[in-house]
Structures are given as C-alpha cells and as structure tokens.
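Peer 1: Got a structure for you, written out below as structure tokens; questions coming shortly.
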Amino acid sequence: MKITESESLYHDLDKMSTRELLTSINQEDRKVPLAIADAMPQIEALVDVIADKMMAGGRLFYMGAGTSGRLGIVDASECPPTYGVPFDLVIGLIAGGDGAIRKAVEFAEDDIQQGWKDLEAYNVNAQDVVIGIAASGSTPYVIGALQKCKEHNITTGCIVCNGQSKVAAEADYPVEVIVGPEFVTGSTRMKAGTAQKLVLNMLSTSVMIKIGRVQGNRMVNMQLTNDKLIDRGTRMVAQLTGLDEERAKELLLEKGSVKAAADFYNNSEW
C-alpha cells in the first residue's frame, strides 16, 4: 500500500476536542520540513537544471491533478507579479483544464493521453522542463505526459510523496518527499500538499534568483499592480538610490520597476 494511503496514526478523530484536533494536526505538520530536508539533494539537482534551461531560453511546466495541479498553477501564476517574468515562462496545467481549478472533474486524472495533449498545445520542446506533481506518484495524466516527454528528449522532474513510484520512475530528476500517513487517512491535501507547496516555493524562488530576477534580497522586478506594491517599490528605490520617497516614487512610476529605476539613476544625472 502507498504510504499516502496508509491508515492515520490517530484514531477516533470525531471524538477529539477542537484543541486535540489542532494539536494533532500541528504535530503531523512538523514532520514535513524534516522530510523535505532528506530530499534536498534531489531538489538541488532539479533547481540547477531548470535554471540552466531557462537561461538558454526554455520554459518550466508544472502538471498534476486535483490538489497537486492546483498547487502548480498557484506557483506558476505568482512568478510574473513577483519576479516580472513573462506569463508564459512558468506554466501550470491541471487535469480537466481550467475548470478543474475550482471544481473536481471526474476521472480527468485517469486519462493517460491528455497530459501530453495539454503540453502539445504549448508547443513543448527540448528546451523546456516538465515537472509532474503527484502525491500518490501514480497519476496516469502525469505518467503519460512524462513518458512522451522522454520520447521527445524533454527534461522532466517530479514531486511525489511515495517512494518507488511510477511517476518518479519516469522522471529524470525525481523529488520524493515521504511525509507518512495523513492525519485524515488518505487526505493528501494535508501533509503531502504542504510538502509539495514548500518544494514548489523552493524551486521557483531559487530558479528566479539564479536567473537574475532578485537583487540582494529584493524583488526588484516585481510588477506594480497595486498601491501596496508601489509603496514597497518606492521604499526599495529610495534605499538603492538615496532619493527621498517622493522622488523615488516618481522615478519608479516613470521606469516601471525597481531595477529599471535604480539602474537609470545609477547611470544618469537624474
């Protein structure tokens, strides 16, 4: 039996007090970072290959079903506003299409052909990296896509939460984070989902830093899409240039990003 499907270590959940439920869930959640630490060499290798491919003009695809697919879409959608990259540099795909983001699409994950069809719609090629996300490690939608990627010499990775899985067997760079049984038996949106989210954070953040989208510890390429981000950008420009906040904001809005504003200031008489 897959460890993600094995029986919870806790019993009679319906008889627990609220505090007992919360304490027990928290105890299980604490295991997740430790499991990720064990997978660090796998994560490192995947980060390096993604960064190399991107620097050479490639893209990153996440694909999964259910919670796994949604987590990939969340991570992909946050890259453009956070790092100012094109919307099609990191792409998230979910079994069942965009409608499955909000509502489960029955049996969509069982279609072993559809994952590759979804990738083909984006003209996926050997410059790209495709990462399958599957807590179980047995999702046909993901397995079929990774198999086809191999046939077309496309680099692949995966994030799974069971050892020796079919998904990992098809991936060039497997990341296996074994978090153990879920608090509610089989509910992989819990520890497995948390593990996947943390690994995705590590992948995209590290890659964006390595390809030059961060300066120091600042998101100097973030999109200025609301007042909070404009205020944050203004403070960064002020820190980087020594300008007062009024002039820093003026320069930021004129140039469109913290990096562009700071670069212009440091190379001009403005």
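Each chain in the structure tokens gets a letter, A, B, ..., in the order shown, and its residues are numbered from 1; ligands are numbered from 1 in order too.
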Please provide as a PyMOL selection string all residues within 9 Å of stretch 76-87 of chain A, with the sequence filter that same-chain residues fewer than 2 positions apart are discarded (counting only C-alpha atoms).

Peer 2: chain A and resi 60-62+71-74+89-92+204-205+208+213-214+219-225+257

Peer 1: Hey, what's within 10 Å of A:Asp118 if we count only C-alpha atoms and toss same-chain stuff fewer than 3 positions away? As number ranges by chain, please?

Peer 2: A: 63, 93-97, 113-115, 121-124, 141, 145

Peer 1: For A:Ile133, find every residue with an atom within 10 Å (counting only C-alpha atoms), except residues of its own chain fewer than 5 positions away, and show them as a list in words.

Peer 2: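 My list of contacting residues is Tyr62, Met63, Gly64, Ala65, Gly66, Thr67, Ser68, Gly69, Arg70, Leu71, Gly72, Ile94, Thr139, Val142, Gly157, Cys158, Ile159, Val160, Cys161, Val167, Ala168, Val175, Gly193, Gln196 and Leu200 of chain A.
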
Peer 1: Go ahead and dump the residues you just picked, N, CA and C atoms, as a compact mmCIF listing (two decimals), in the first residue's frame.

Peer 2:
# COMPACT_ATOMS: atom_id res chain seq x y z
N TYR A 62 4.52 22.94 -14.93
CA TYR A 62 4.04 22.09 -13.84
C TYR A 62 2.78 21.40 -14.33
N MET A 63 2.60 20.14 -13.96
CA MET A 63 1.34 19.49 -14.31
C MET A 63 0.95 18.46 -13.25
N GLY A 64 -0.34 18.43 -12.96
CA GLY A 64 -0.83 17.50 -11.97
C GLY A 64 -2.35 17.46 -11.99
N ALA A 65 -2.92 16.68 -11.09
CA ALA A 65 -4.38 16.57 -10.98
C ALA A 65 -4.80 16.96 -9.58
N GLY A 66 -6.00 17.49 -9.45
CA GLY A 66 -6.54 17.82 -8.13
C GLY A 66 -5.67 18.81 -7.39
N THR A 67 -5.44 18.55 -6.10
CA THR A 67 -4.63 19.45 -5.28
C THR A 67 -3.26 19.69 -5.89
N SER A 68 -2.64 18.64 -6.39
CA SER A 68 -1.31 18.78 -6.98
C SER A 68 -1.31 19.73 -8.17
N GLY A 69 -2.31 19.61 -9.03
CA GLY A 69 -2.41 20.51 -10.17
C GLY A 69 -2.65 21.94 -9.74
N ARG A 70 -3.51 22.12 -8.74
CA ARG A 70 -3.81 23.48 -8.26
C ARG A 70 -2.58 24.14 -7.66
N LEU A 71 -1.79 23.39 -6.92
CA LEU A 71 -0.58 23.94 -6.33
C LEU A 71 0.41 24.39 -7.40
N GLY A 72 0.53 23.62 -8.47
CA GLY A 72 1.39 24.02 -9.56
C GLY A 72 0.92 25.30 -10.22
N ILE A 94 -3.50 21.53 -15.30
CA ILE A 94 -4.24 20.65 -14.40
C ILE A 94 -5.14 19.72 -15.21
N THR A 139 -0.45 8.99 -10.82
CA THR A 139 -1.46 9.66 -11.62
C THR A 139 -1.23 9.43 -13.12
N VAL A 142 -0.21 12.38 -15.41
CA VAL A 142 1.19 12.79 -15.28
C VAL A 142 2.13 11.75 -15.89
N GLY A 157 11.03 16.36 -14.35
CA GLY A 157 11.19 16.19 -12.91
C GLY A 157 9.85 15.82 -12.32
N CYS A 158 9.81 15.59 -11.02
CA CYS A 158 8.54 15.31 -10.37
C CYS A 158 8.64 15.63 -8.89
N ILE A 159 7.48 15.81 -8.27
CA ILE A 159 7.37 15.94 -6.82
C ILE A 159 6.33 14.92 -6.38
N VAL A 160 6.78 13.91 -5.66
CA VAL A 160 5.88 12.85 -5.21
C VAL A 160 6.09 12.59 -3.72
N CYS A 161 5.13 11.91 -3.10
CA CYS A 161 5.20 11.66 -1.66
C CYS A 161 5.14 10.18 -1.31
N VAL A 167 5.52 7.57 -11.22
CA VAL A 167 5.86 8.91 -11.70
C VAL A 167 7.36 9.15 -11.56
N ALA A 168 7.92 8.84 -10.41
CA ALA A 168 9.35 9.04 -10.19
C ALA A 168 10.19 8.22 -11.17
N VAL A 175 11.88 14.18 -7.25
CA VAL A 175 11.95 14.67 -5.87
C VAL A 175 10.91 13.89 -5.08
N GLY A 193 0.26 17.81 0.47
CA GLY A 193 0.07 19.09 -0.20
C GLY A 193 0.98 20.17 0.35
N GLN A 196 4.43 19.56 -1.07
CA GLN A 196 4.51 19.98 -2.46
C GLN A 196 4.61 21.50 -2.57
N LEU A 200 7.71 23.53 -4.17
CA LEU A 200 7.48 24.47 -5.28
C LEU A 200 8.03 25.85 -4.94

Peer 1: Taking 6 positions as the minimum chain separation for residues in the same chain, which residues sit within 7 Å of stretch 170-174 of chain A when counting only C-alpha atoms? Answer as number ranges by chain.

Peer 2: A: 42, 46, 143, 146-147, 155-159

Peer 1: Between A:Met40, A:Leu9, A:Ala195, A:Ala51, which is the closest to A:Glu182 once you count only C-alpha atoms?

Peer 2: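 Result for the nearest residue to A:Glu182: A:Leu9.
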
Peer 1: Counting only C-alpha atoms, which of A:Asp128, A:Glu7, A:Asp227, A:Glu254 gets nearest to A:Val49?

Peer 2: A:Asp128

Peer 1: Looking only at the backbone, which of the residues in stretch 102-185 of chain A does DSSP tag as strand (DSSP E), as a PyMOL selection string?

Peer 2: chain A and resi 129-134+155-160+173-176

Peer 1: Export, as a PDB file, in the first residue's frame, the selected residues with N, CA and C atoms.

Peer 2:
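Heads up, here's the output in part_4.pdb:
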ATOM      1  N   VAL A 129      11.461  22.311 -19.415  1.00  0.00           N
ATOM      2  CA  VAL A 129      11.458  21.317 -18.337  1.00  0.00           C
ATOM      3  C   VAL A 129      10.008  21.095 -17.911  1.00  0.00           C
ATOM      4  N   VAL A 130       9.617  19.844 -17.759  1.00  0.00           N
ATOM      5  CA  VAL A 130       8.266  19.483 -17.335  1.00  0.00           C
ATOM      6  C   VAL A 130       8.342  18.775 -15.990  1.00  0.00           C
ATOM      7  N   ILE A 131       7.593  19.282 -15.013  1.00  0.00           N
ATOM      8  CA  ILE A 131       7.579  18.688 -13.677  1.00  0.00           C
ATOM      9  C   ILE A 131       6.188  18.137 -13.386  1.00  0.00           C
ATOM     10  N   GLY A 132       6.116  16.839 -13.140  1.00  0.00           N
ATOM     11  CA  GLY A 132       4.861  16.219 -12.748  1.00  0.00           C
ATOM     12  C   GLY A 132       4.708  16.271 -11.232  1.00  0.00           C
ATOM     13  N   ILE A 133       3.547  16.708 -10.778  1.00  0.00           N
ATOM     14  CA  ILE A 133       3.277  16.804  -9.337  1.00  0.00           C
ATOM     15  C   ILE A 133       2.177  15.794  -9.017  1.00  0.00           C
ATOM     16  N   ALA A 134       2.486  14.844  -8.141  1.00  0.00           N
ATOM     17  CA  ALA A 134       1.519  13.794  -7.836  1.00  0.00           C
ATOM     18  C   ALA A 134       1.855  13.199  -6.476  1.00  0.00           C
ATOM     19  N   THR A 155      13.447  17.339 -20.811  1.00  0.00           N
ATOM     20  CA  THR A 155      13.866  17.105 -19.432  1.00  0.00           C
ATOM     21  C   THR A 155      12.658  17.110 -18.503  1.00  0.00           C
ATOM     22  N   THR A 156      12.622  16.156 -17.578  1.00  0.00           N
ATOM     23  CA  THR A 156      11.478  16.036 -16.677  1.00  0.00           C
ATOM     24  C   THR A 156      11.910  15.932 -15.221  1.00  0.00           C
ATOM     25  N   GLY A 157      11.029  16.363 -14.352  1.00  0.00           N
ATOM     26  CA  GLY A 157      11.188  16.191 -12.914  1.00  0.00           C
ATOM     27  C   GLY A 157       9.846  15.820 -12.324  1.00  0.00           C
ATOM     28  N   CYS A 158       9.813  15.589 -11.024  1.00  0.00           N
ATOM     29  CA  CYS A 158       8.541  15.315 -10.373  1.00  0.00           C
ATOM     30  C   CYS A 158       8.639  15.631  -8.887  1.00  0.00           C
ATOM     31  N   ILE A 159       7.479  15.812  -8.270  1.00  0.00           N
ATOM     32  CA  ILE A 159       7.372  15.940  -6.819  1.00  0.00           C
ATOM     33  C   ILE A 159       6.328  14.924  -6.378  1.00  0.00           C
ATOM     34  N   VAL A 160       6.778  13.905  -5.662  1.00  0.00           N
ATOM     35  CA  VAL A 160       5.881  12.847  -5.212  1.00  0.00           C
ATOM     36  C   VAL A 160       6.091  12.594  -3.719  1.00  0.00           C
ATOM     37  N   TYR A 173      14.611  13.851 -13.006  1.00  0.00           N
ATOM     38  CA  TYR A 173      15.007  14.453 -11.733  1.00  0.00           C
ATOM     39  C   TYR A 173      13.860  14.311 -10.727  1.00  0.00           C
ATOM     40  N   PRO A 174      13.693  13.134 -10.148  1.00  0.00           N
ATOM     41  CA  PRO A 174      12.599  12.937  -9.192  1.00  0.00           C
ATOM     42  C   PRO A 174      12.896  13.576  -7.837  1.00  0.00           C
ATOM     43  N   VAL A 175      11.880  14.178  -7.249  1.00  0.00           N
ATOM     44  CA  VAL A 175      11.948  14.667  -5.873  1.00  0.00           C
ATOM     45  C   VAL A 175      10.908  13.888  -5.079  1.00  0.00           C
ATOM     46  N   GLU A 176      11.376  13.104  -4.119  1.00  0.00           N
ATOM     47  CA  GLU A 176      10.489  12.254  -3.328  1.00  0.00           C
ATOM     48  C   GLU A 176      10.506  12.737  -1.880  1.00  0.00           C
TER      49      GLU A 176
END

Peer 1: Which is closer to A:Cys149 than all the others in A:Lys197, A:Lys249, A:Lys117, A:Arg189, using only C-alpha atoms?

Peer 2: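 Under the stated criterion, the closest residue is A:Lys117.
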
Peer 1: Using only C-alpha atoms, determine which residues lie at most 12 Å from A:Ser6, disregarding the query and same-chain residues fewer than 4 positions distant; provide the list as a PyMOL selection string.

Peer 2: chain A and resi 1-2+10+136+162+179-188

Peer 1: What lies within 10 Å of A:Arg247 using only C-alpha atoms, ignoring chain neighbours under 3 positions off, as a ChimeraX atom specification?

Peer 2: /A:234,237-238,242-244,250-252

Peer 1: Tell me, which residues of stretch 100-261 of chain A carry DSSP alpha helix (DSSP H), written as an NGL selection string?

Peer 2: :A and (114-120 or 140-151 or 166-170 or 191-210 or 227-241 or 245-255 or 258-261)

Peer 1: Export C-alpha atoms of the chosen residues as a PDB file, in the first residue's frame?

Peer 2:
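Saved file out-v2.pdb follows:
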ATOM      1  CA  GLN A 114      -4.407  14.034 -22.119  1.00  0.00           C
ATOM      2  CA  GLY A 115      -1.321  15.294 -20.283  1.00  0.00           C
ATOM      3  CA  TRP A 116       0.776  15.175 -23.436  1.00  0.00           C
ATOM      4  CA  LYS A 117      -2.020  16.773 -25.462  1.00  0.00           C
ATOM      5  CA  ASP A 118      -2.114  19.640 -22.972  1.00  0.00           C
ATOM      6  CA  LEU A 119       1.654  20.105 -23.309  1.00  0.00           C
ATOM      7  CA  GLU A 120       1.490  19.979 -27.107  1.00  0.00           C
ATOM      8  CA  PRO A 140      -1.943   8.480 -15.255  1.00  0.00           C
ATOM      9  CA  TYR A 141      -2.330  12.079 -16.527  1.00  0.00           C
ATOM     10  CA  VAL A 142       1.190  12.790 -15.280  1.00  0.00           C
ATOM     11  CA  ILE A 143       2.760   9.434 -16.120  1.00  0.00           C
ATOM     12  CA  GLY A 144       1.650   9.573 -19.745  1.00  0.00           C
ATOM     13  CA  ALA A 145       2.986  13.099 -20.165  1.00  0.00           C
ATOM     14  CA  LEU A 146       6.389  12.238 -18.693  1.00  0.00           C
ATOM     15  CA  GLN A 147       6.655   9.164 -20.903  1.00  0.00           C
ATOM     16  CA  LYS A 148       6.007  11.255 -24.005  1.00  0.00           C
ATOM     17  CA  CYS A 149       8.480  13.880 -22.834  1.00  0.00           C
ATOM     18  CA  LYS A 150      11.145  11.177 -22.624  1.00  0.00           C
ATOM     19  CA  GLU A 151      10.390  10.158 -26.207  1.00  0.00           C
ATOM     20  CA  LYS A 166       5.634   5.138 -11.280  1.00  0.00           C
ATOM     21  CA  VAL A 167       5.857   8.914 -11.700  1.00  0.00           C
ATOM     22  CA  ALA A 168       9.353   9.044 -10.194  1.00  0.00           C
ATOM     23  CA  ALA A 169      10.447   6.168 -12.428  1.00  0.00           C
ATOM     24  CA  GLU A 170       9.567   8.257 -15.500  1.00  0.00           C
ATOM     25  CA  LYS A 191       0.934  16.935   4.709  1.00  0.00           C
ATOM     26  CA  ALA A 192       1.580  15.864   1.121  1.00  0.00           C
ATOM     27  CA  GLY A 193       0.065  19.092  -0.196  1.00  0.00           C
ATOM     28  CA  THR A 194       2.082  21.144   2.281  1.00  0.00           C
ATOM     29  CA  ALA A 195       5.252  19.347   1.211  1.00  0.00           C
ATOM     30  CA  GLN A 196       4.514  19.980  -2.460  1.00  0.00           C
ATOM     31  CA  LYS A 197       3.841  23.665  -1.794  1.00  0.00           C
ATOM     32  CA  LEU A 198       7.106  24.077   0.124  1.00  0.00           C
ATOM     33  CA  VAL A 199       9.109  22.320  -2.587  1.00  0.00           C
ATOM     34  CA  LEU A 200       7.477  24.467  -5.276  1.00  0.00           C
ATOM     35  CA  ASN A 201       8.389  27.574  -3.260  1.00  0.00           C
ATOM     36  CA  MET A 202      11.981  26.367  -3.148  1.00  0.00           C
ATOM     37  CA  LEU A 203      12.119  25.539  -6.848  1.00  0.00           C
ATOM     38  CA  SER A 204      10.661  28.737  -8.265  1.00  0.00           C
ATOM     39  CA  THR A 205      12.325  31.077  -5.766  1.00  0.00           C
ATOM     40  CA  SER A 206      15.766  29.531  -6.228  1.00  0.00           C
ATOM     41  CA  VAL A 207      15.426  29.469 -10.004  1.00  0.00           C
ATOM     42  CA  MET A 208      14.315  33.106 -10.175  1.00  0.00           C
ATOM     43  CA  ILE A 209      17.270  34.153  -8.032  1.00  0.00           C
ATOM     44  CA  LYS A 210      19.687  32.144 -10.172  1.00  0.00           C
ATOM     45  CA  ASP A 227      -0.738  50.546  -4.075  1.00  0.00           C
ATOM     46  CA  LYS A 228       0.956  48.184  -1.611  1.00  0.00           C
ATOM     47  CA  LEU A 229       3.470  47.085  -4.231  1.00  0.00           C
ATOM     48  CA  ILE A 230       4.063  50.651  -5.387  1.00  0.00           C
ATOM     49  CA  ASP A 231       4.784  51.636  -1.778  1.00  0.00           C
ATOM     50  CA  ARG A 232       7.144  48.671  -1.395  1.00  0.00           C
ATOM     51  CA  GLY A 233       8.871  49.538  -4.654  1.00  0.00           C
ATOM     52  CA  THR A 234       9.197  53.176  -3.618  1.00  0.00           C
ATOM     53  CA  ARG A 235      10.981  52.180  -0.423  1.00  0.00           C
ATOM     54  CA  MET A 236      13.330  49.930  -2.363  1.00  0.00           C
ATOM     55  CA  VAL A 237      14.175  52.639  -4.874  1.00  0.00           C
ATOM     56  CA  ALA A 238      14.808  55.066  -2.020  1.00  0.00           C
ATOM     57  CA  GLN A 239      17.120  52.545  -0.335  1.00  0.00           C
ATOM     58  CA  LEU A 240      19.014  51.794  -3.534  1.00  0.00           C
ATOM     59  CA  THR A 241      19.434  55.394  -4.689  1.00  0.00           C
ATOM     60  CA  GLU A 245      10.390  58.806  -1.148  1.00  0.00           C
ATOM     61  CA  GLU A 246       8.590  61.403  -3.267  1.00  0.00           C
ATOM     62  CA  ARG A 247      11.322  61.446  -5.894  1.00  0.00           C
ATOM     63  CA  ALA A 248      11.808  57.684  -5.611  1.00  0.00           C
ATOM     64  CA  LYS A 249       8.120  57.099  -6.361  1.00  0.00           C
ATOM     65  CA  GLU A 250       8.255  59.457  -9.323  1.00  0.00           C
ATOM     66  CA  LEU A 251      11.216  57.591 -10.794  1.00  0.00           C
ATOM     67  CA  LEU A 252       9.674  54.182 -10.062  1.00  0.00           C
ATOM     68  CA  LEU A 253       6.431  55.004 -11.860  1.00  0.00           C
ATOM     69  CA  GLU A 254       8.306  56.507 -14.785  1.00  0.00           C
ATOM     70  CA  LYS A 255      10.541  53.458 -15.282  1.00  0.00           C
ATOM     71  CA  VAL A 258      12.628  48.965  -9.080  1.00  0.00           C
ATOM     72  CA  LYS A 259      15.503  47.560 -11.139  1.00  0.00           C
ATOM     73  CA  ALA A 260      14.888  49.868 -14.094  1.00  0.00           C
ATOM     74  CA  ALA A 261      14.584  52.877 -11.796  1.00  0.00           C
TER      75      ALA A 261
END

Peer 1: Quick one: distance from atom CA of A:Gln164 to atom CA of A:Asp111 in Å, one decimal?

Peer 2: 21.6 Å
